[in-house]
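Trainee: Supplied structure: my_file.csv, CSV, C-alpha atoms and all ligand atoms.
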chain,number,residue,atom,x,y,z
U,388,MET,CA,-8.3,2.0,-4.9
U,389,GLN,CA,-5.5,1.0,-7.3
U,390,LYS,CA,-2.4,-1.2,-7.1
U,391,SER,CA,0.4,1.3,-7.2
U,392,LYS,CA,3.5,1.7,-9.3
U,393,ILE,CA,4.9,3.9,-6.6
U,394,GLU,CA,7.8,1.8,-5.2
U,395,TRP,CA,7.1,2.6,-1.5
U,396,THR,CA,3.5,1.7,-1.3
U,397,ASP,CA,1.2,-1.2,-2.3
U,398,PHE,CA,-2.0,0.7,-3.2
U,399,THR,CA,-3.2,4.2,-3.6
U,400,ILE,CA,-6.6,5.4,-2.5
U,401,ASN,CA,-8.2,8.7,-3.5
U,402,PRO,CA,-11.3,9.4,-1.4
U,403,VAL,CA,-11.2,13.0,-2.5
U,404,LYS,CA,-11.3,13.4,-6.2
U,405,GLY,CA,-11.1,16.4,-8.6
U,406,LEU,CA,-8.5,18.9,-9.8
U,407,CYS,CA,-6.1,19.7,-7.0
U,408,PRO,CA,-5.9,23.5,-6.3
U,409,MET,CA,-2.2,23.4,-5.4
U,410,ALA,CA,-1.5,23.4,-9.2
U,411,CYS,CA,2.1,22.1,-8.9
U,412,SER,CA,3.7,22.4,-12.4
U,413,TYR,CA,5.0,18.8,-12.2
U,414,CYS,CA,1.7,17.2,-11.1
U,415,TYR,CA,0.8,14.1,-13.1
U,416,ALA,CA,-2.7,13.9,-11.6
U,417,ARG,CA,-3.6,17.4,-12.8
U,418,ARG,CA,-2.3,16.5,-16.3
U,419,MET,CA,-4.7,13.5,-16.3
U,420,TYR,CA,-7.7,15.5,-15.1
U,421,LEU,CA,-7.0,18.2,-17.7
U,422,ASN,CA,-6.6,15.6,-20.5
U,423,PRO,CA,-10.0,14.7,-22.2
U,424,PHE,CA,-8.5,11.3,-23.0
U,425,TYR,CA,-8.5,10.3,-19.3
U,426,LYS,CA,-11.9,11.8,-18.5
U,427,SER,CA,-13.6,8.4,-18.2
U,428,MET,CA,-11.0,7.2,-15.7
U,429,TYR,CA,-10.7,10.3,-13.5
U,430,GLY,CA,-14.2,11.9,-14.0
U,431,ASN,CA,-14.9,15.6,-13.8
U,432,GLN,CA,-12.6,18.2,-12.2
U,433,THR,CA,-15.0,19.2,-9.3
U,434,ILE,CA,-13.6,18.4,-5.9
U,435,ARG,CA,-15.8,15.8,-4.3
U,436,PHE,CA,-15.8,13.0,-1.7
U,437,ASP,CA,-15.8,9.4,-2.9
U,438,GLN,CA,-16.9,7.1,-0.1
U,439,CYS,CA,-16.4,4.0,-2.3
U,440,GLU,CA,-12.6,4.4,-2.1
U,441,LEU,CA,-12.8,4.0,1.7
U,442,ASP,CA,-14.3,0.5,1.3
U,443,GLY,CA,-11.2,-0.9,-0.5
U,444,PRO,CA,-8.7,-1.5,2.3
U,445,ALA,CA,-11.0,-3.8,4.3
U,446,LYS,CA,-11.1,-6.1,1.3
U,447,ILE,CA,-7.4,-6.7,1.3
U,448,LYS,CA,-6.4,-9.5,3.6
U,449,LYS,CA,-2.6,-9.1,3.6
U,450,PRO,CA,-1.3,-6.2,5.7
U,451,SER,CA,-0.4,-3.6,3.1
U,452,LYS,CA,0.6,0.0,2.6
U,453,PHE,CA,-1.9,2.6,1.2
U,454,PHE,CA,-0.9,6.0,0.0
U,455,VAL,CA,-4.0,8.1,0.8
U,456,GLY,CA,-4.5,11.0,-1.6
U,457,SER,CA,-2.0,10.4,-4.4
U,458,THR,CA,-4.0,12.8,-6.7
U,459,MET,CA,-5.1,15.5,-4.3
U,460,GLU,CA,-3.7,17.6,-1.4
U,461,LEU,CA,-5.8,16.4,1.5
U,462,PHE,CA,-4.7,18.9,4.1
U,463,GLY,CA,-5.9,21.9,2.1
U,464,ASP,CA,-8.9,24.0,3.2
U,465,TRP,CA,-10.9,22.7,0.2
U,466,VAL,CA,-11.2,19.3,1.9
U,467,LYS,CA,-14.2,19.3,4.2
U,468,PRO,CA,-13.5,18.2,7.8
U,469,TRP,CA,-16.1,15.6,7.8
U,470,TRP,CA,-14.4,14.0,4.7
U,471,MET,CA,-11.2,13.8,6.7
U,472,ALA,CA,-13.1,12.4,9.7
U,473,LYS,CA,-14.4,9.6,7.6
U,474,ILE,CA,-10.9,8.9,6.2
U,475,PHE,CA,-9.4,8.7,9.7
U,476,LYS,CA,-12.3,6.5,10.8
U,477,MET,CA,-11.5,4.1,7.9
U,478,VAL,CA,-7.8,4.2,9.0
U,479,GLU,CA,-8.8,3.2,12.6
U,480,ASP,CA,-11.1,0.5,11.3
U,481,ASN,CA,-8.2,-1.1,9.4
U,482,PRO,CA,-5.4,-1.4,12.0
U,483,LYS,CA,-3.5,-4.2,10.2
U,484,HIS,CA,-2.8,-1.8,7.3
U,485,THR,CA,-0.5,1.2,7.1
U,486,PHE,CA,-1.9,4.5,5.7
U,487,ILE,CA,0.6,7.0,4.3
U,488,PHE,CA,-0.3,10.7,4.1
U,489,LEU,CA,1.8,13.3,2.4
U,490,THR,CA,1.2,17.0,2.4
U,491,LYS,CA,2.4,20.4,1.0
U,492,GLN,CA,0.2,22.1,3.7
U,493,PRO,CA,2.1,21.1,6.8
U,494,HIS,CA,0.7,23.9,8.9
U,495,ASN,CA,-2.7,22.1,8.8
U,496,LEU,CA,-1.4,18.8,10.1
U,497,ILE,CA,-1.8,19.9,13.7
U,498,LYS,CA,-5.6,19.8,13.2
U,499,TRP,CA,-5.4,16.0,12.9
U,500,SER,CA,-2.7,15.2,15.4
U,501,PRO,CA,-2.3,12.8,17.2
U,502,PHE,CA,-2.6,10.5,14.2
U,503,PRO,CA,-3.7,6.9,14.6
U,504,ASP,CA,-0.8,4.5,15.2
U,505,ASN,CA,-1.1,3.0,11.7
U,506,CYS,CA,-0.4,6.3,9.9
U,507,TRP,CA,2.8,7.6,8.5
U,508,VAL,CA,2.7,11.3,8.0
U,509,GLY,CA,5.1,13.2,5.6
U,510,VAL,CA,5.8,16.6,4.2
U,511,SER,CA,6.6,17.0,0.6
U,512,LEU,CA,9.6,19.1,-0.4
U,513,THR,CA,11.3,20.1,-3.6
U,514,GLY,CA,14.2,22.2,-2.2
U,515,LYS,CA,12.5,25.4,-3.3
U,516,GLU,CA,10.5,26.0,-0.1
U,517,GLN,CA,11.2,28.7,2.5
U,518,ASN,CA,13.4,27.7,5.4
U,519,GLY,CA,11.4,25.9,8.1
U,520,PHE,CA,8.6,24.8,5.7
U,521,ALA,CA,8.5,21.3,7.3
U,522,TYR,CA,8.8,22.8,10.8
U,523,PRO,CA,5.1,21.9,11.8
U,524,LEU,CA,6.2,18.3,11.9
U,525,VAL,CA,7.9,19.1,15.2
U,526,HIS,CA,4.5,19.6,16.8
U,527,ILE,CA,2.6,16.7,15.5
U,528,LYS,CA,2.4,13.1,16.9
U,529,ALA,CA,2.6,10.2,14.4
U,530,LYS,CA,4.2,6.8,14.6
U,531,ILE,CA,6.4,7.6,11.6
U,532,LYS,CA,7.0,11.2,10.4
U,533,PHE,CA,8.9,11.6,7.2
U,534,LEU,CA,10.0,13.9,4.4
U,535,SER,CA,9.4,13.1,0.7
U,536,ILE,CA,12.0,15.2,-1.2
U,537,GLU,CA,10.5,14.7,-4.7
U,538,PRO,CA,10.9,16.1,-7.2
U,539,LEU,CA,14.2,17.4,-6.0
U,540,LEU,CA,14.4,20.6,-8.0
U,541,ALA,CA,17.0,22.6,-6.0
U,542,PRO,CA,19.6,22.0,-3.3
U,543,LEU,CA,18.1,21.6,0.2
U,544,LYS,CA,19.2,24.2,2.7
U,545,ILE,CA,21.4,21.8,4.6
U,546,GLY,CA,23.6,24.2,6.5
U,547,ASN,CA,26.3,23.2,8.9
U,548,ASN,CA,24.5,20.3,10.6
U,549,GLY,CA,21.3,22.4,10.5
U,550,PHE,CA,19.4,19.9,8.5
U,551,THR,CA,20.5,16.9,10.6
U,552,ASN,CA,19.5,18.8,13.7
U,553,SER,CA,16.1,19.6,12.2
U,554,LEU,CA,15.6,15.9,11.3
U,555,GLU,CA,16.4,14.9,14.9
U,556,ASN,CA,14.3,17.7,16.5
U,557,ALA,CA,11.2,16.7,14.5
U,558,SER,CA,11.9,12.9,15.1
U,559,ILE,CA,11.9,12.3,11.4
U,560,GLY,CA,11.9,8.5,10.8
U,561,TRP,CA,12.2,8.2,7.0
U,562,LEU,CA,13.4,10.2,3.9
U,563,ILE,CA,12.3,9.6,0.3
U,564,ILE,CA,14.3,11.2,-2.5
U,565,GLY,CA,13.2,11.2,-6.1
U,566,GLN,CA,13.4,13.2,-9.3
U,567,GLN,CA,10.7,14.6,-11.5
U,568,THR,CA,8.9,12.1,-13.8
U,569,PRO,CA,9.0,11.9,-16.8
U,570,VAL,CA,12.8,12.1,-16.3
U,571,LYS,CA,14.3,15.0,-18.2
U,572,MET,CA,17.8,16.4,-18.3
U,573,SER,CA,16.5,19.8,-17.5
U,574,THR,CA,15.1,18.7,-14.1
U,575,MET,CA,17.7,16.1,-13.2
U,576,PRO,CA,19.0,16.8,-9.7
U,577,LYS,CA,22.7,17.1,-9.2
U,578,VAL,CA,24.4,14.2,-7.4
U,579,GLY,CA,25.9,16.6,-4.9
U,580,TRP,CA,22.4,17.7,-3.7
U,581,ILE,CA,21.4,14.0,-3.1
U,582,GLU,CA,24.7,13.3,-1.4
U,583,GLU,CA,24.2,16.2,1.0
U,584,ILE,CA,20.7,15.0,2.0
U,585,VAL,CA,21.8,11.4,2.4
U,586,SER,CA,24.8,12.2,4.5
U,587,ALA,CA,22.6,14.4,6.8
U,588,ALA,CA,20.2,11.5,7.1
U,589,ASP,CA,23.1,9.1,7.9
U,590,LYS,CA,24.3,11.4,10.6
U,591,ALA,CA,20.8,11.3,12.1
U,592,ASN,CA,20.5,7.5,11.5
U,593,ILE,CA,17.5,7.8,9.3
U,594,PRO,CA,16.5,5.3,6.6
U,595,VAL,CA,16.6,6.6,3.1
U,596,PHE,CA,14.5,5.5,0.1
U,597,LEU,CA,15.9,6.4,-3.3
U,598,LYS,CA,13.3,6.2,-5.9
U,599,ASP,CA,13.9,4.1,-9.0
U,600,ASN,CA,14.0,7.3,-11.1
U,601,LEU,CA,17.3,8.2,-9.5
U,602,ILE,CA,19.1,5.0,-10.4
U,603,SER,CA,20.7,6.4,-13.6
U,604,CYS,CA,21.8,9.5,-11.7
U,605,VAL,CA,23.4,7.9,-8.6
U,606,ASP,CA,24.1,4.2,-9.2
U,607,GLN,CA,27.8,4.8,-9.4
U,608,TYR,CA,28.0,6.4,-6.0
U,609,PRO,CA,28.4,4.8,-2.6
U,610,ILE,CA,25.4,6.8,-1.2
U,611,ALA,CA,23.1,4.6,-3.4
U,612,ILE,CA,24.1,1.3,-1.9
U,613,ASP,CA,22.7,-0.1,1.3
U,614,LYS,CA,24.4,-2.4,3.9
U,615,ASN,CA,23.6,-5.5,1.8
U,616,GLY,CA,25.0,-4.1,-1.4
U,617,ASN,CA,21.6,-3.4,-3.0
U,618,TYR,CA,20.2,-0.1,-4.4
U,619,ARG,CA,19.2,1.9,-1.3
U,620,GLN,CA,15.5,1.6,-0.7
U,621,GLU,CA,15.2,1.5,3.1
U,622,PHE,CA,11.9,1.7,5.1
U,623,PRO,CA,11.2,3.1,8.5
U,624,VAL,CA,12.1,1.1,11.6
U,625,LEU,CA,9.0,0.4,13.5
U,626,LYS,CA,9.3,0.3,17.3
E,1,LIG,S1,-0.3,19.0,-4.2
E,1,LIG,FE1,0.1,16.9,-5.1
E,1,LIG,S2,-1.9,16.4,-6.0
E,1,LIG,FE2,-1.9,18.6,-5.7
E,1,LIG,S3,-1.1,19.6,-7.6
E,1,LIG,FE3,0.6,19.3,-6.2
E,1,LIG,S4,1.5,17.3,-6.7
E,1,LIG,FE4,-0.6,17.4,-7.6
Translate this structure into structure tokens?
Mentor:
Amino acid sequence: MQKSKIEWTDFTINPVKGLCPMACSYCYARRMYLNPFYKSMYGNQTIRFDQCELDGPAKIKKPSKFFVGSTMELFGDWVKPWWMAKIFKMVEDNPKHTFIFLTKQPHNLIKWSPFPDNCWVGVSLTGKEQNGFAYPLVHIKAKIKFLSIEPLLAPLKIGNNGFTNSLENASIGWLIIGQQTPVKMSTMPKVGWIEEIVSAADKANIPVFLKDNLISCVDQYPIAIDKNGNYRQEFPVLK
């Protein structure tokens, strides 16, 4: 378990360690595992279960957010079902905390639905996925369902209210938008792509969290300002 620099969580926990088979070209965790310099911190590349990580949340008194699996896709077939069962047991044993799951394998979410009430469950998008990639969210039950559009690498297929309708149909309760880190001119999203997503979210009344790495890109634009005049970093509304 680690204190996190990710702005929307307090801690990360990684109960499954090793080199993630998704092999996303922009993955910082893969870069670490492949770099001999970090070997002492990350260990070997074999995919394995680390029970010790699950003991961390119980030691934190203040209700906190935990991003589970920041260095591994947890909903892939390489993660054993009994590992996931232990993870969800830990989630249920720590009801005062919030556990945030994010996947690029949304078709497998249904296996674990309904999720415990203290879970937020999201699908990760870059704009390069096929239409309907996040559709499985429609069929899962979770207190908060969300999309993390990061890194935003291509314009999302917004259509004529199509994206707004999809957000509403899947009861999406939160959107995160960010760009690739380290920030490079070559992967900088266009402001228009971000504006389209934010205005679709606004139509559906969905809170939007713009990551810090977008500030230089959007800070001159009204979409980046919240109701109180601050940089827009909204969180889900819990009912
Ligand atoms: S799914 Fe996540 S952890 Fe796995 S390679 Fe892609 S970015 Fe990295």
Trainee: Smallest atom-to-atom distance to U:Asn481: which of U:Ser500, U:Ser451, U:Asn556, U:Asn548, using all atoms listed in the file?
Mentor: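 Going through U:Ser500, U:Ser451, U:Asn556, U:Asn548 one by one, the smallest distance to U:Asn481 is for U:Ser451.
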Trainee: Report as JSON lines: every residue of stretch 525-554 of chain U with an atom at most 6 Å from stretch 563-574 of chain U, its closest pair of atoms, and their distance in Å to one decimal, counting only C-alpha atoms, with rows sorted by chain and ascending residue number.
Mentor:
{"residue": "U:Ser535", "atom": "CA", "partner": "U:Ile563", "partner_atom": "CA", "distance": 4.6}
{"residue": "U:Ile536", "atom": "CA", "partner": "U:Ile564", "partner_atom": "CA", "distance": 4.8}
{"residue": "U:Glu537", "atom": "CA", "partner": "U:Gly565", "partner_atom": "CA", "distance": 4.6}
{"residue": "U:Pro538", "atom": "CA", "partner": "U:Gln566", "partner_atom": "CA", "distance": 4.4}
{"residue": "U:Leu539", "atom": "CA", "partner": "U:Gln566", "partner_atom": "CA", "distance": 5.4}
Trainee: Is it possible to get the axis-aligned box enclosing ligand LIG 1 (chain E) (all listed atoms, 4 Å extra per side) as JSON, with centre and edge lengths in Å rounded to one decimal?
Mentor:
{"center_x": -0.2, "center_y": 18.0, "center_z": -5.9, "size_x": 11.4, "size_y": 11.2, "size_z": 11.4}
Trainee: With only C-alpha atoms and all ligand atoms as the basis for distance, which of U:Lys426, U:His484, U:Lys473, U:Arg418 is at the shortest distance from ligand LIG 1 (chain E)?
Mentor: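 Checking each of U:Lys426, U:His484, U:Lys473, U:Arg418 against ligand LIG 1 (chain E), counting only C-alpha atoms and all ligand atoms, the winner is U:Arg418.
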Trainee: Select from chain U every residue with an atom at most 9 Å from any atom of ligand LIG 1 (chain E), then for each give the shortest pair of atoms and their distance in Å to one decimal, using only C-alpha atoms and all ligand atoms, rows by chain and rising number, as CSV.
Mentor:
residue,atom,partner,partner_atom,distance
U:Leu406,CA,E:LIG1,S3,7.8
U:Cys407,CA,E:LIG1,FE2,4.5
U:Pro408,CA,E:LIG1,S3,6.3
U:Met409,CA,E:LIG1,S3,4.5
U:Ala410,CA,E:LIG1,S3,4.1
U:Cys411,CA,E:LIG1,FE3,4.2
U:Ser412,CA,E:LIG1,S3,7.3
U:Tyr413,CA,E:LIG1,S4,6.7
U:Cys414,CA,E:LIG1,FE4,4.2
U:Tyr415,CA,E:LIG1,FE4,6.6
U:Ala416,CA,E:LIG1,FE4,5.7
U:Arg417,CA,E:LIG1,FE4,6.0
U:Arg418,CA,E:LIG1,FE4,8.9
U:Gly456,CA,E:LIG1,S2,7.4
U:Ser457,CA,E:LIG1,S2,6.2
U:Thr458,CA,E:LIG1,S2,4.2
U:Met459,CA,E:LIG1,S2,3.7
U:Glu460,CA,E:LIG1,S1,4.6
U:Leu461,CA,E:LIG1,S1,8.3
U:Gly463,CA,E:LIG1,S1,8.9
U:Leu489,CA,E:LIG1,FE1,8.5
U:Thr490,CA,E:LIG1,S1,7.1
U:Lys491,CA,E:LIG1,S1,6.0
U:Gln492,CA,E:LIG1,S1,8.5
U:Ser511,CA,E:LIG1,S1,8.6
Trainee: Neighbours of U:Ile531 within 12 Å (all atoms listed in the file; same-chain residues fewer than 4 positions away dropped), as JSON, numbers by chain?
Mentor: {"U": [485, 486, 487, 488, 489, 501, 502, 503, 504, 505, 506, 507, 508, 509, 510, 524, 527, 557, 558, 559, 560, 561, 562, 593, 594, 622, 623, 624, 625, 626]}
Trainee: Restricting the calculation to all atoms listed in the file, which member of U:Ile447, U:Val403, U:Leu554, U:Ile497 is positioned closest to U:Trp470?
Mentor: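 Distance minimum relative to U:Trp470 lands on U:Val403.
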Trainee: U:Asp397: which residues within 8 Å, counting all atoms listed in the file, same-chain residues fewer than 5 positions away excluded, as number ranges by chain?
Mentor: U: 390-392, 451-454
Trainee: List as a list of chain:residue names: which residues have an atom within 12 Å of (-13.9, 4.9, -3.7), counting all atoms listed in the file?
Mentor: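 Residues lying no farther than 12 Å from the given point: U:Met388, U:Gln389, U:Thr399, U:Ile400, U:Asn401, U:Pro402, U:Val403, U:Lys404, U:Tyr429, U:Arg435, U:Phe436, U:Asp437, U:Gln438, U:Cys439, U:Glu440, U:Leu441, U:Asp442, U:Gly443, U:Pro444, U:Val455, U:Gly456, U:Ile474, U:Met477.
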Trainee: With C-alpha atoms retained, export the selected residues as a compact mmCIF listing (two decimals), in the coordinates of the input.
Mentor:
# COMPACT_ATOMS: atom_id res chain seq x y z
CA MET U 388 -8.30 2.00 -4.90
CA GLN U 389 -5.50 1.00 -7.30
CA THR U 399 -3.20 4.20 -3.60
CA ILE U 400 -6.60 5.40 -2.50
CA ASN U 401 -8.20 8.70 -3.50
CA PRO U 402 -11.30 9.40 -1.40
CA VAL U 403 -11.20 13.00 -2.50
CA LYS U 404 -11.30 13.40 -6.20
CA TYR U 429 -10.70 10.30 -13.50
CA ARG U 435 -15.80 15.80 -4.30
CA PHE U 436 -15.80 13.00 -1.70
CA ASP U 437 -15.80 9.40 -2.90
CA GLN U 438 -16.90 7.10 -0.10
CA CYS U 439 -16.40 4.00 -2.30
CA GLU U 440 -12.60 4.40 -2.10
CA LEU U 441 -12.80 4.00 1.70
CA ASP U 442 -14.30 0.50 1.30
CA GLY U 443 -11.20 -0.90 -0.50
CA PRO U 444 -8.70 -1.50 2.30
CA VAL U 455 -4.00 8.10 0.80
CA GLY U 456 -4.50 11.00 -1.60
CA ILE U 474 -10.90 8.90 6.20
CA MET U 477 -11.50 4.10 7.90
Trainee: Restricting the calculation to all atoms listed in the file: of U:Asn552, U:Ser427, U:Asn617, U:Thr513, which residue gets closest to U:Ile581?
Mentor: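 Answer, going by the shortest atom-to-atom distance: U:Thr513.
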Trainee: Work out how far atom CA of U:Leu540 is from atom CA of U:His526, in Å to one decimal.
Mentor: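 Those two atoms sit 26.7 Å apart.
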Trainee: Select, from U:Tyr420, U:Trp499, U:Phe398, U:Phe550, the residue with the minimum atom-to-atom distance to U:Lys590, counting all atoms listed in the file.
Mentor: U:Phe550
Trainee: Quick one: distance from atom CA of U:Ala611 to atom CA of U:Ile393 in Å, one decimal?
Mentor: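 Atom CA of U:Ala611 sits 18.5 Å away from atom CA of U:Ile393.
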Trainee: In terms of the shortest atom-to-atom distance over all atoms listed in the file, which of U:Ser553, U:Glu621, U:Ser603, U:Glu582 is closest to U:Ala521?
Mentor: U:Ser553
Trainee: So what do you get for atom CA of U:Tyr618 versus atom CA of U:Leu597, distance-wise?
Mentor: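 Atom CA of U:Tyr618 sits 7.9 Å away from atom CA of U:Leu597.
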Trainee: Mind checking which residues fall within 12 Å of U:Gly546, counting only C-alpha atoms, ignoring those fewer than 5 positions away in the same chain, and posting them as a ChimeraX atom specification?
Mentor: /U:518,551-553,583-584,587
